[in-house]
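Next comes coords-v8.txt, with compact mmCIF, C-alpha atoms.
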# COMPACT_ATOMS: atom_id res chain seq x y z
CA MET A 1 -48.48 -136.56 -64.42
CA THR A 2 -46.50 -135.03 -61.60
CA ALA A 3 -43.42 -137.04 -60.68
CA HIS A 4 -42.82 -137.61 -56.99
CA ARG A 5 -40.60 -139.65 -54.74
CA HIS A 6 -41.82 -142.11 -52.15
CA ARG A 7 -40.06 -143.81 -49.26
CA THR A 8 -41.05 -146.71 -47.09
CA SER A 9 -42.50 -146.20 -43.65
CA ARG A 10 -38.98 -146.18 -42.17
CA GLY A 11 -37.94 -143.42 -44.54
CA ASP A 12 -34.63 -144.88 -45.70
CA THR A 13 -35.30 -147.02 -48.79
CA PRO A 14 -36.35 -145.22 -51.98
CA ARG A 15 -38.47 -147.20 -54.42
CA ARG A 16 -38.18 -147.32 -58.18
CA PRO A 17 -40.40 -144.72 -59.91
CA ASP A 18 -42.45 -147.42 -61.67
CA ASP A 19 -42.65 -149.86 -58.76
CA ARG A 20 -46.27 -148.97 -58.03
CA ARG A 21 -47.53 -149.36 -61.58
CA ARG A 22 -47.33 -152.54 -63.60
CA THR A 23 -48.89 -153.36 -66.96
CA PHE A 24 -49.39 -156.96 -68.09
CA PRO A 25 -49.92 -157.70 -71.81
CA ARG A 26 -53.13 -159.28 -73.05
CA LEU A 27 -53.30 -162.93 -72.03
CA ALA A 28 -53.72 -165.59 -74.68
CA PRO A 29 -57.17 -167.20 -75.04
CA ARG A 30 -57.65 -170.56 -73.36
CA SER A 31 -60.19 -173.33 -73.10
CA GLY A 32 -63.38 -172.65 -71.20
CA ASP A 33 -62.87 -175.95 -69.33
CA ASP A 34 -59.75 -174.62 -67.57
CA ALA A 35 -60.10 -173.54 -63.94
CA PRO A 36 -60.15 -169.75 -63.44
CA ALA A 37 -57.08 -169.95 -61.16
CA ALA A 38 -54.33 -172.44 -60.41
CA SER A 39 -53.15 -171.13 -57.00
CA TRP A 40 -54.97 -170.99 -53.70
CA TRP A 41 -54.68 -167.19 -53.59
CA GLY A 42 -56.00 -166.95 -57.16
CA ASP A 43 -58.97 -169.10 -56.08
CA ALA A 44 -59.51 -166.74 -53.13
CA TRP A 45 -59.61 -163.79 -55.52
CA VAL A 46 -62.21 -165.53 -57.73
CA GLU A 47 -64.31 -166.50 -54.67
CA ALA A 48 -64.38 -162.86 -53.52
CA LEU A 49 -65.89 -162.00 -56.90
CA GLU A 50 -68.34 -164.89 -57.17
CA ASP A 51 -69.59 -164.73 -53.57
CA THR A 52 -70.92 -161.19 -54.08
CA ALA A 53 -72.16 -161.52 -57.69
CA LEU A 54 -75.89 -160.95 -58.11
CA ASP A 55 -76.28 -162.66 -61.49
CA PRO A 56 -74.59 -166.01 -62.28
CA ALA A 57 -75.35 -165.50 -65.98
CA ARG A 58 -73.20 -162.38 -66.08
CA LEU A 59 -70.40 -164.31 -64.40
CA ALA A 60 -70.65 -167.04 -67.03
CA ARG A 61 -70.49 -164.47 -69.87
CA GLY A 62 -67.55 -162.73 -68.18
CA ARG A 63 -65.69 -166.01 -67.87
CA SER A 64 -66.35 -166.69 -71.55
CA TYR A 65 -65.07 -163.21 -72.47
CA ALA A 66 -61.91 -163.85 -70.45
CA GLY A 67 -61.35 -167.25 -72.04
CA ARG A 68 -61.70 -165.80 -75.54
CA GLY A 69 -59.13 -163.08 -74.85
CA HIS A 70 -61.50 -160.09 -74.84
CA VAL A 71 -59.52 -158.38 -72.05
CA ASP A 72 -56.72 -156.09 -73.25
CA ALA A 73 -53.54 -155.31 -71.29
CA ILE A 74 -54.15 -155.06 -67.53
CA THR A 75 -52.65 -152.24 -65.45
CA VAL A 76 -52.34 -152.66 -61.68
CA THR A 77 -51.78 -149.72 -59.33
CA PRO A 78 -52.42 -149.45 -55.57
CA GLY A 79 -56.12 -150.08 -54.99
CA ARG A 80 -57.04 -150.43 -58.66
CA VAL A 81 -56.97 -152.91 -61.56
CA THR A 82 -57.74 -151.40 -64.99
CA ALA A 83 -58.19 -152.73 -68.53
CA TYR A 84 -60.18 -152.20 -71.71
CA VAL A 85 -62.60 -155.08 -72.34
CA HIS A 86 -64.07 -155.77 -75.78
CA GLY A 87 -67.81 -156.32 -75.84
CA SER A 88 -70.48 -156.30 -78.51
CA ARG A 89 -69.69 -152.76 -79.68
CA PRO A 90 -66.65 -151.75 -81.76
CA ARG A 91 -65.19 -149.55 -79.01
CA PRO A 92 -63.93 -151.41 -75.92
CA TYR A 93 -65.20 -150.56 -72.45
CA ARG A 94 -62.94 -149.15 -69.75
CA THR A 95 -63.26 -151.42 -66.72
CA ASP A 96 -61.89 -150.95 -63.19
CA ILE A 97 -61.78 -153.14 -60.09
CA ARG A 98 -61.09 -151.19 -56.90
CA LEU A 99 -60.13 -152.53 -53.48
CA ARG A 100 -58.89 -151.08 -50.21
CA THR A 101 -55.17 -150.45 -49.68
CA LEU A 102 -53.54 -151.37 -46.37
CA GLY A 103 -52.76 -148.72 -43.79
CA ASP A 104 -49.31 -148.11 -42.34
CA GLU A 105 -50.00 -150.13 -39.19
CA GLU A 106 -51.20 -153.09 -41.25
CA TRP A 107 -48.09 -152.92 -43.41
CA GLU A 108 -45.87 -152.79 -40.32
CA ARG A 109 -47.51 -155.93 -38.94
CA LEU A 110 -47.32 -157.73 -42.28
CA LEU A 111 -43.66 -156.89 -42.90
CA ASP A 112 -42.64 -157.75 -39.34
CA ILE A 113 -44.27 -161.17 -39.61
CA ALA A 114 -42.63 -161.83 -43.00
CA ALA A 115 -39.19 -160.66 -41.85
CA GLY A 116 -39.39 -162.84 -38.74
CA ARG A 117 -39.88 -166.01 -40.75
CA PRO A 118 -37.09 -166.88 -43.24
CA ASP A 119 -39.40 -169.49 -44.76
CA HIS A 120 -41.91 -166.73 -45.56
CA ILE A 121 -39.29 -164.71 -47.41
CA ALA A 122 -38.13 -167.83 -49.28
CA ALA A 123 -41.73 -168.63 -50.25
CA LEU A 124 -42.30 -165.10 -51.59
CA LEU A 125 -39.12 -165.24 -53.65
CA ASP A 126 -40.38 -168.56 -55.03
CA LYS A 127 -43.64 -166.85 -56.08
CA ASP A 128 -45.66 -168.50 -53.32
CA VAL A 129 -47.84 -166.95 -50.61
CA PRO A 130 -47.89 -168.63 -47.17
CA HIS A 131 -51.40 -168.81 -45.69
CA ALA A 132 -50.25 -167.32 -42.37
CA LEU A 133 -48.74 -164.31 -44.12
CA ALA A 134 -51.84 -163.69 -46.23
CA ASP A 135 -54.04 -163.82 -43.11
CA ALA A 136 -51.78 -161.49 -41.11
CA ALA A 137 -53.12 -158.27 -42.62
CA GLU A 138 -56.05 -159.30 -44.85
CA LEU A 139 -53.86 -159.41 -47.94
CA LEU A 140 -56.53 -161.29 -49.90
CA PRO A 141 -59.93 -159.73 -50.61
CA ALA A 142 -63.00 -160.86 -48.73
CA PRO A 143 -66.52 -160.96 -50.24
CA GLY A 144 -67.56 -157.36 -50.90
CA ASP A 145 -63.99 -155.99 -51.05
CA LEU A 146 -63.89 -155.89 -54.87
CA ILE A 147 -65.75 -152.85 -56.25
CA PRO A 148 -66.31 -153.06 -60.04
CA ASP A 149 -66.79 -150.07 -62.34
CA CYS A 150 -67.33 -150.16 -66.11
CA SER A 151 -68.15 -147.65 -68.85
CA CYS A 152 -70.77 -150.02 -70.35
CA PRO A 153 -74.49 -149.28 -69.84
CA ASP A 154 -75.03 -152.50 -67.84
CA ASP A 155 -75.55 -151.75 -64.13
CA GLY A 156 -75.03 -155.36 -63.02
CA LEU A 157 -72.80 -156.04 -60.01
CA PRO A 158 -70.54 -157.01 -61.61
CA CYS A 159 -71.22 -156.62 -65.34
CA LYS A 160 -69.75 -159.24 -67.66
CA HIS A 161 -66.82 -156.96 -68.55
CA ALA A 162 -65.81 -156.49 -64.90
CA ALA A 163 -66.21 -160.23 -64.33
CA ALA A 164 -63.93 -160.92 -67.31
CA LEU A 165 -61.31 -158.57 -65.86
CA CYS A 166 -61.51 -160.35 -62.48
CA TYR A 167 -61.02 -163.77 -64.05
CA GLN A 168 -58.01 -162.58 -66.06
CA THR A 169 -56.54 -160.92 -62.97
CA ALA A 170 -56.65 -164.29 -61.21
CA ARG A 171 -54.35 -165.66 -63.92
CA ILE A 172 -51.91 -162.81 -63.31
CA LEU A 173 -51.96 -163.53 -59.58
CA ASP A 174 -51.14 -167.18 -60.31
CA GLU A 175 -47.95 -166.13 -62.07
CA ASP A 176 -46.87 -163.32 -59.73
CA PRO A 177 -48.32 -163.12 -56.19
CA PHE A 178 -46.45 -159.85 -55.60
CA VAL A 179 -49.32 -158.28 -57.55
CA LEU A 180 -51.35 -158.80 -54.36
CA PHE A 181 -48.93 -156.52 -52.50
CA LEU A 182 -49.18 -153.92 -55.28
CA MET A 183 -52.98 -153.98 -55.15
CA ARG A 184 -52.78 -153.38 -51.41
CA GLY A 185 -50.45 -150.41 -51.78
CA ARG A 186 -46.77 -151.33 -52.23
CA GLY A 187 -44.66 -152.60 -55.13
CA GLU A 188 -42.48 -155.69 -55.26
CA GLN A 189 -39.11 -153.92 -55.04
CA GLU A 190 -40.35 -151.75 -52.20
CA VAL A 191 -41.52 -154.80 -50.21
CA LEU A 192 -38.35 -156.78 -50.85
CA ALA A 193 -36.12 -153.83 -49.92
CA GLU A 194 -38.00 -153.36 -46.65
CA LEU A 195 -37.84 -157.09 -45.87
CA THR A 196 -34.10 -157.07 -46.55
CA ARG A 197 -33.59 -154.09 -44.24
CA ARG A 198 -35.64 -155.62 -41.45
CA ASN A 199 -33.95 -158.98 -41.81
CA ALA A 200 -30.51 -157.32 -41.65
CA ALA A 201 -31.52 -155.33 -38.58
CA ARG A 202 -32.86 -158.47 -36.92
CA SER A 203 -29.64 -160.37 -37.71
CA ALA A 204 -27.50 -157.52 -36.34
CA ALA A 205 -29.52 -157.47 -33.12
CA GLU A 206 -29.20 -161.23 -32.74
CA ARG A 207 -25.45 -161.01 -33.36
CA ALA A 208 -25.08 -158.22 -30.79
CA THR A 209 -27.00 -160.30 -28.24
CA ALA A 210 -24.77 -163.30 -28.89
CA GLN A 211 -21.64 -161.15 -28.48
CA ARG A 212 -22.93 -159.71 -25.21
CA ILE A 213 -23.70 -163.17 -23.80
CA MET A 214 -20.28 -164.46 -24.81
CA ALA A 215 -18.60 -161.41 -23.25
CA GLU A 216 -20.48 -161.91 -20.00
CA ARG A 217 -19.48 -165.59 -19.85
CA THR A 218 -15.85 -164.74 -20.53
CA ALA A 219 -15.87 -162.05 -17.85
CA ASN A 220 -17.29 -164.52 -15.36
CA ARG A 221 -14.36 -166.83 -16.09
CA GLY A 222 -11.92 -164.01 -15.34
CA SER A 223 -10.69 -163.68 -18.92
CA MET A 224 -9.09 -160.53 -20.31
CA GLY A 225 -11.78 -158.62 -22.13
CA GLY A 226 -9.96 -155.47 -23.13
CA ARG A 227 -7.68 -156.78 -25.87
CA SER A 228 -8.66 -157.25 -29.46
CA GLY A 229 -9.98 -160.73 -30.08
CA ALA A 230 -10.64 -161.40 -26.39
CA GLY A 231 -13.90 -161.51 -24.56
CA GLY A 232 -15.49 -163.65 -27.24
CA GLN A 233 -15.78 -160.71 -29.65
CA ILE A 234 -16.73 -161.84 -33.18
CA PRO A 235 -14.53 -160.08 -35.75
CA PRO A 236 -16.40 -158.31 -38.54
CA PRO A 237 -16.46 -160.17 -41.85
CA LEU A 238 -13.82 -159.23 -44.39
CA LEU A 239 -15.09 -157.32 -47.42
CA ALA A 240 -14.37 -158.74 -50.83
CA THR A 241 -11.73 -156.69 -52.68
CA VAL A 242 -10.53 -156.37 -56.26
CA PRO A 243 -6.94 -155.42 -57.14
CA ALA A 244 -6.77 -151.94 -58.67
CA ALA A 245 -4.41 -153.17 -61.39
CA SER A 246 -7.03 -155.60 -62.71
CA VAL A 247 -9.60 -152.82 -62.87
CA LEU A 248 -7.34 -150.39 -64.73
CA ALA A 249 -5.75 -152.95 -67.05
CA ALA A 250 -6.49 -152.56 -70.75
CA ARG A 251 -8.93 -155.06 -72.09
CA SER A 252 -10.96 -155.61 -75.25
CA LEU A 253 -14.72 -155.71 -75.18
CA PRO A 254 -16.63 -158.48 -76.95
CA ALA A 255 -18.43 -157.69 -80.17
CA LEU A 256 -21.97 -156.44 -79.90
CA PRO A 257 -24.65 -159.07 -80.50
CA ASP A 258 -26.65 -159.09 -83.71
CA PRO A 259 -29.73 -156.85 -83.60
CA LEU A 260 -32.98 -158.52 -82.68
CA PRO A 261 -35.33 -159.33 -85.57
CA VAL A 262 -38.11 -156.85 -86.27
CA PRO A 263 -41.41 -158.19 -84.91
CA PRO A 264 -44.09 -158.94 -87.51
CA HIS A 265 -46.53 -156.40 -86.06
CA PRO A 266 -46.31 -153.24 -83.94
CA GLY A 267 -46.68 -153.80 -80.21
CA ARG A 268 -49.82 -152.83 -78.33
CA PRO A 269 -49.57 -149.79 -76.06
CA PRO A 270 -50.23 -150.08 -72.33
CA VAL A 271 -53.56 -149.15 -70.79
CA TYR A 272 -53.68 -145.58 -69.52
CA PRO A 273 -55.84 -145.23 -66.40
CA GLU A 274 -57.68 -141.98 -65.82
CA ALA A 275 -55.97 -139.51 -63.47
CA ALA A 276 -56.81 -136.01 -62.36
CA GLY A 277 -55.24 -133.47 -64.70
CA ALA A 278 -53.95 -136.13 -67.11
CA PRO A 279 -54.88 -136.32 -70.82
CA ASP A 280 -57.79 -138.45 -71.94
CA PRO A 281 -56.66 -142.12 -71.84
CA LEU A 282 -58.22 -142.90 -75.24
CA ALA A 283 -56.34 -139.96 -76.80
CA LEU A 284 -53.11 -141.29 -75.29
CA ASP A 285 -53.96 -144.77 -76.58
CA LEU A 286 -54.46 -143.35 -80.11
CA LEU A 287 -51.14 -141.47 -80.06
CA ALA A 288 -49.26 -144.43 -78.61
CA THR A 289 -50.71 -146.77 -81.26
CA GLU A 290 -49.71 -144.31 -84.00
CA ALA A 291 -46.18 -144.00 -82.60
CA ALA A 292 -45.82 -147.80 -82.37
CA GLY A 293 -46.89 -148.24 -86.00
CA ARG A 294 -44.55 -145.49 -87.15
CA ALA A 295 -41.61 -146.97 -85.22
CA HIS A 296 -42.33 -150.44 -86.58
CA THR A 297 -42.33 -149.18 -90.17
CA THR A 298 -39.09 -147.28 -89.58
CA LEU A 299 -37.42 -150.43 -88.19
CA ARG A 300 -38.68 -152.55 -91.05
CA THR A 301 -37.95 -150.19 -93.96
CA GLY A 302 -35.33 -147.81 -92.57
CA ARG A 303 -37.57 -144.88 -93.53
CA ASP A 304 -39.93 -142.77 -91.47
CA PRO A 305 -43.33 -143.01 -93.22
CA LEU A 306 -44.33 -139.52 -92.07
CA THR A 307 -41.24 -137.62 -93.24
CA GLY A 308 -42.27 -134.49 -95.10
CA LEU A 309 -45.87 -134.29 -93.89
CA THR A 310 -47.06 -130.84 -92.84
CA PRO A 311 -48.90 -130.45 -89.50
CA TRP A 312 -52.19 -130.24 -91.45
CA GLN A 313 -51.46 -133.39 -93.47
CA ASP A 314 -50.47 -135.27 -90.30
CA ALA A 315 -53.66 -134.11 -88.56
CA VAL A 316 -55.69 -135.45 -91.50
CA ARG A 317 -53.80 -138.74 -91.35
CA LEU A 318 -54.46 -139.08 -87.60
CA ALA A 319 -58.16 -138.34 -88.01
CA ALA A 320 -58.45 -140.76 -90.96
CA ALA A 321 -56.87 -143.54 -88.89
CA HIS A 322 -59.49 -143.11 -86.15
CA PRO A 323 -62.41 -145.55 -86.55
CA GLY A 324 -65.85 -144.11 -87.14
CA SER A 325 -67.30 -141.44 -89.37
CA GLY A 326 -67.61 -138.51 -86.99
CA LEU A 327 -70.88 -139.65 -85.39
CA THR A 328 -69.51 -140.74 -82.02
CA ALA A 329 -68.69 -138.31 -79.22
CA SER A 330 -65.00 -139.32 -79.15
CA THR A 331 -64.64 -138.86 -82.93
CA ARG A 332 -66.34 -135.46 -82.84
CA ALA A 333 -64.03 -134.39 -80.01
CA LEU A 334 -60.99 -135.61 -81.95
CA TYR A 335 -62.05 -133.76 -85.12
CA THR A 336 -62.74 -130.57 -83.16
CA ALA A 337 -59.36 -130.66 -81.39
CA LEU A 338 -57.37 -131.40 -84.57
CA ALA A 339 -59.26 -128.76 -86.57
CA ARG A 340 -58.63 -126.12 -83.88
CA ALA A 341 -54.94 -127.02 -83.69
CA THR A 342 -54.52 -126.57 -87.48
CA ASP A 343 -56.75 -123.46 -87.77
CA ARG A 344 -59.33 -125.29 -89.88
CA SER A 345 -63.01 -126.09 -89.41
CA PRO A 346 -64.31 -129.57 -88.54
CA THR A 347 -66.01 -129.62 -91.96
CA ASP A 348 -62.67 -128.92 -93.66
CA LEU A 349 -61.14 -131.77 -91.71
CA ALA A 350 -63.99 -134.17 -92.47
CA ARG A 351 -63.67 -133.43 -96.21
CA ALA A 352 -59.90 -133.90 -96.05
CA VAL A 353 -60.33 -137.20 -94.18
CA ALA A 354 -62.63 -138.45 -96.94
CA ALA A 355 -59.93 -137.56 -99.50
CA TRP A 356 -57.21 -139.27 -97.42
CA ARG A 357 -59.27 -142.44 -97.11
CA GLN A 358 -59.85 -142.27 -100.85
CA GLY A 359 -56.20 -142.04 -101.86
CA GLY A 360 -53.85 -141.16 -99.01
CA LEU A 361 -51.58 -138.16 -99.44
CA ALA A 362 -52.15 -138.19 -103.21
CA GLY A 363 -55.91 -138.08 -102.62
CA LEU A 364 -55.54 -135.11 -100.27
CA THR A 365 -53.40 -133.35 -102.89
CA ALA A 366 -56.10 -133.95 -105.51
CA LEU A 367 -58.63 -132.32 -103.17
CA GLU A 368 -56.57 -129.21 -102.49
CA GLU A 369 -54.59 -128.56 -105.69
CA GLU A 370 -55.65 -127.35 -109.12
CA TRP A 371 -53.04 -127.76 -111.85
CA ASP A 372 -52.75 -127.87 -115.61
CA PRO A 373 -51.95 -131.39 -116.80
CA PRO A 374 -49.99 -131.88 -120.03
CA ALA A 375 -51.77 -132.90 -123.20
CA GLY A 376 -52.57 -136.58 -123.37
CA PRO A 377 -54.60 -138.58 -120.83
CA PHE A 378 -56.65 -135.58 -119.71
CA ASP A 379 -57.61 -134.66 -123.28
CA ARG A 380 -58.68 -138.24 -124.03
CA ALA A 381 -60.85 -138.58 -120.91
CA ARG A 382 -63.98 -136.81 -122.16
CA PRO A 383 -64.13 -138.71 -125.51
CA ALA A 384 -63.57 -141.96 -123.57
CA LEU A 385 -66.59 -141.22 -121.34
CA ILE A 386 -68.76 -140.48 -124.38
CA ALA A 387 -67.56 -143.66 -126.14
CA ALA A 388 -68.36 -145.70 -123.01
CA GLY A 389 -71.97 -144.58 -123.25
CA PHE A 390 -72.21 -142.47 -120.09
CA PRO A 391 -75.19 -140.14 -120.50
CA ASP A 392 -73.33 -137.38 -118.64
CA GLY A 393 -70.25 -137.74 -120.83
CA PRO A 394 -70.94 -134.80 -123.16
CA ALA A 395 -71.86 -132.61 -120.16
CA PHE A 396 -68.41 -132.86 -118.54
CA ARG A 397 -66.65 -129.51 -118.88
CA PRO A 398 -62.85 -129.25 -118.47
CA ARG A 399 -61.15 -126.79 -116.12
CA HIS A 400 -57.47 -127.27 -115.25
CA ASN A 401 -57.24 -130.93 -114.07
CA ARG A 402 -61.00 -131.34 -113.51
CA LEU A 403 -63.96 -132.52 -115.59
CA SER A 404 -67.25 -131.38 -114.07
CA THR A 405 -71.03 -131.62 -114.42
CA PRO A 406 -73.37 -129.87 -111.97
CA ALA A 407 -73.34 -132.95 -109.69
CA LEU A 408 -70.31 -135.10 -110.69
CA GLN A 409 -66.62 -134.34 -111.07
CA LEU A 410 -63.45 -136.23 -112.00
CA ARG A 411 -60.05 -134.90 -110.92
CA LEU A 412 -56.77 -136.06 -112.43
CA GLY A 413 -54.14 -136.37 -109.70
CA ARG A 414 -50.43 -135.88 -110.17
CA ASP A 415 -50.11 -139.63 -109.52
CA GLY A 416 -51.99 -140.35 -112.78
CA LEU A 417 -55.19 -141.52 -111.05
CA TRP A 418 -58.69 -140.14 -111.55
CA TYR A 419 -60.56 -139.24 -108.35
CA GLY A 420 -64.37 -139.03 -108.21
CA TYR A 421 -66.30 -136.23 -106.47
CA GLU A 422 -69.99 -135.44 -105.91
CA SER A 423 -71.90 -132.28 -105.03
CA ASP A 424 -75.49 -131.19 -104.73
CA PRO A 425 -76.36 -129.58 -108.08
CA GLY A 426 -75.49 -125.91 -108.17
CA ARG A 427 -73.73 -125.81 -104.78
CA ASP A 428 -70.09 -126.31 -105.84
CA ASP A 429 -69.57 -128.28 -102.58
CA TRP A 430 -67.45 -131.18 -103.76
CA TRP A 431 -66.83 -134.27 -101.61
CA PRO A 432 -64.58 -137.24 -102.50
CA ARG A 433 -66.51 -140.40 -103.39
CA GLY A 434 -65.65 -143.81 -104.81
CA MET A 435 -62.24 -145.33 -105.54
CA PRO A 436 -59.56 -143.75 -107.77
CA ASP A 437 -58.70 -145.40 -111.06
CA THR A 438 -56.17 -144.99 -113.84
CA ASP A 439 -59.12 -144.97 -116.28
CA PRO A 440 -61.69 -142.13 -116.07
CA VAL A 441 -64.40 -144.58 -117.11
CA GLY A 442 -63.52 -146.85 -114.15
CA ALA A 443 -63.46 -143.91 -111.74
CA LEU A 444 -66.87 -142.73 -112.92
CA THR A 445 -68.25 -146.27 -112.69
CA ALA A 446 -67.06 -146.48 -109.05
CA LEU A 447 -68.65 -143.09 -108.43
CA THR A 448 -72.08 -143.75 -109.96
CA GLY A 449 -72.36 -147.53 -109.46
CA HIS A 450 -72.99 -148.17 -113.21

Can the structure from this file be put into structure tokens for me?
Amino acid sequence: MTAHRHRTSRGDTPRRPDDRRRTFPRLAPRSGDDAPAASWWGDAWVEALEDTALDPARLARGRSYAGRGHVDAITVTPGRVTAYVHGSRPRPYRTDIRLRTLGDEEWERLLDIAAGRPDHIAALLDKDVPHALADAAELLPAPGDLIPDCSCPDDGLPCKHAAALCYQTARILDEDPFVLFLMRGRGEQEVLAELTRRNAARSAAERATAQRIMAERTANRGSMGGRSGAGGQIPPPLLATVPAASVLAARSLPALPDPLPVPPHPGRPPVYPEAAGAPDPLALDLLATEAAGRAHTTLRTGRDPLTGLTPWQDAVRLAAAHPGSGLTASTRALYTALARATDRSPTDLARAVAAWRQGGLAGLTALEEEWDPPAGPFDRARPALIAAGFPDGPAFRPRHNRLSTPALQLRLGRDGLWYGYESDPGRDDWWPRGMPDTDPVGALTALTGH
């Protein structure tokens, strides 16, 4: 995403780069008897949703989804609220709520009203929204202002996933009403900085007016107005100072605090909204989840779990961690991209994923490596199969670390485990199947089911 700088309408107060994007973690489930919102502005948000809903049943299901915690982390940007909402399918749905942002003239009116009332500024700092301020520039949505959009096939207005997102957003608004300002176009720090500037300018103007009135009164009394301190002039306030010696004096720093304990589970990544020219948000979510798990393991064990993996092995690991079996559009796209990046075919990757899911890195090694095991367990495997009564036992033929029939194969890995494979007879197209075992009889039993 292209970085850019933004200034307020007056052009003199830069905002923080992340001030117009905030992500709130998934809210904890709560009882269905609780009210959707606890503040009057949260109630107004819910009413804007419910007054335009066409199906009360969808609203009820959305409220149930929200109460059960089906809404993931919520990201708020100007004019948009985004989250993934879990429904009846394994993959969550991407859900958006859009609303109009305020224009420059509306912001000017809103900020002027807020800066002119010290009680308004105090209320905002106390996480409260005065009614008069909210009404000044239509800060709260009216019926029809909230436009839902969801990747689910339901064309309801709203669907239950969008309704769930609206109900959870009301809880966020309860805790932080500055989210209302962000939805309408400006972040908290940006608004507070502009209010501070306007309040300072207003105070300076009032002070100048007071000085002028006092000077005029003094002049009317025939006082001397040209000397310092005469004419009713108010001296500027003294600035606080610090002696240079105290700054430069040697001092010892306190000991660093103990490191924080490692959390029991990796954190959840933020939600990545779609943006023109940006990577696919689900691909970013996958990479962020992988990075969080890797960092958590490194913190917990002091060792990077992926040290030593080749790009191909890491691509197989990433694909194996993705849910599904290659039948969904997102999984096919992932397999195609990873296969192209490693100069392999999607079929090669799918076979390698099956081996990784069978035995991790050792399973992938068993797929790709032929080697000559020492005398011992390998030599005893074929007699053990015959003694166990497998009808295919005598048909297994040894080659390097593999025992094969036309349709079944056992491979001895360097980790001492036997890995099962199957192929259509005569095709020599072997695919990993079953669970590995230290005993060839157990591995063949897992492969054949008897």

Among A:Arg340, A:Arg58, A:Arg414, A:His70, Leu27 in chain A is approached most closely, using only C-alpha atoms, by A:His70

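Closest approach to Cys159 in chain A among A:Pro305, A:Gly434, A:Gly62, A:Gly87 is made by A:Gly62 (distances from all atoms listed in the file).
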
If we count all atoms listed in the file and set the cut-off at 10 Å, which residues sit around range 91-93 of chain A, ignoring sequence neighbours fewer than 3 positions away in its own chain? Please answer as an MDAnalysis selection string. chainID A and resid 70:72 83:88 96 150:153 161:162 323:324

Which of these residues is nearest to Ala354 in chain A, using all atoms listed in the file: A:Met435, A:Ala295, A:Ala245, A:Ala193?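 The closest residue to Ala354 in chain A is A:Met435.
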
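From CA of Gly144 in chain A back to CA of Glu50 in chain A, the distance works out to 9.8 Å.
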
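For the set A:Ala136, A:Arg117, A:Pro273, A:Ala250, the residue with the smallest atom-to-atom gap to Arg202 in chain A is A:Arg117, counting only C-alpha atoms.
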
Minimum-distance residue to Trp431 in chain A, chosen among A:Arg397, A:Trp356, A:Pro391, A:Ala375 (using all atoms listed in the file):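 Among the listed residues, the smallest separation from Trp431 in chain A belongs to A:Trp356.
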
Distance cut-off 6 Å, centre (-48.1, -163.6, -50.7) in file coordinates, counting only C-alpha atoms: which residues qualify? Return them as a count of residues only. 3

Fewer than 4 positions away in the same chain doesn't count, so skip those; otherwise give me all residues within 12 Å of Ala163 in chain A, counting all atoms listed in the file, as number ranges by chain. A: 36, 45-50, 52-67, 70-71, 83, 85, 95-97, 146-150, 156-159, 167-170

Can you pull out every residue within 8 Å of Tyr272 in chain A, counting all atoms listed in the file, but drop anything in the same chain fewer than 5 positions away, and send it as an NGL selection string? :A and (75 or 281-282 or 284-285)
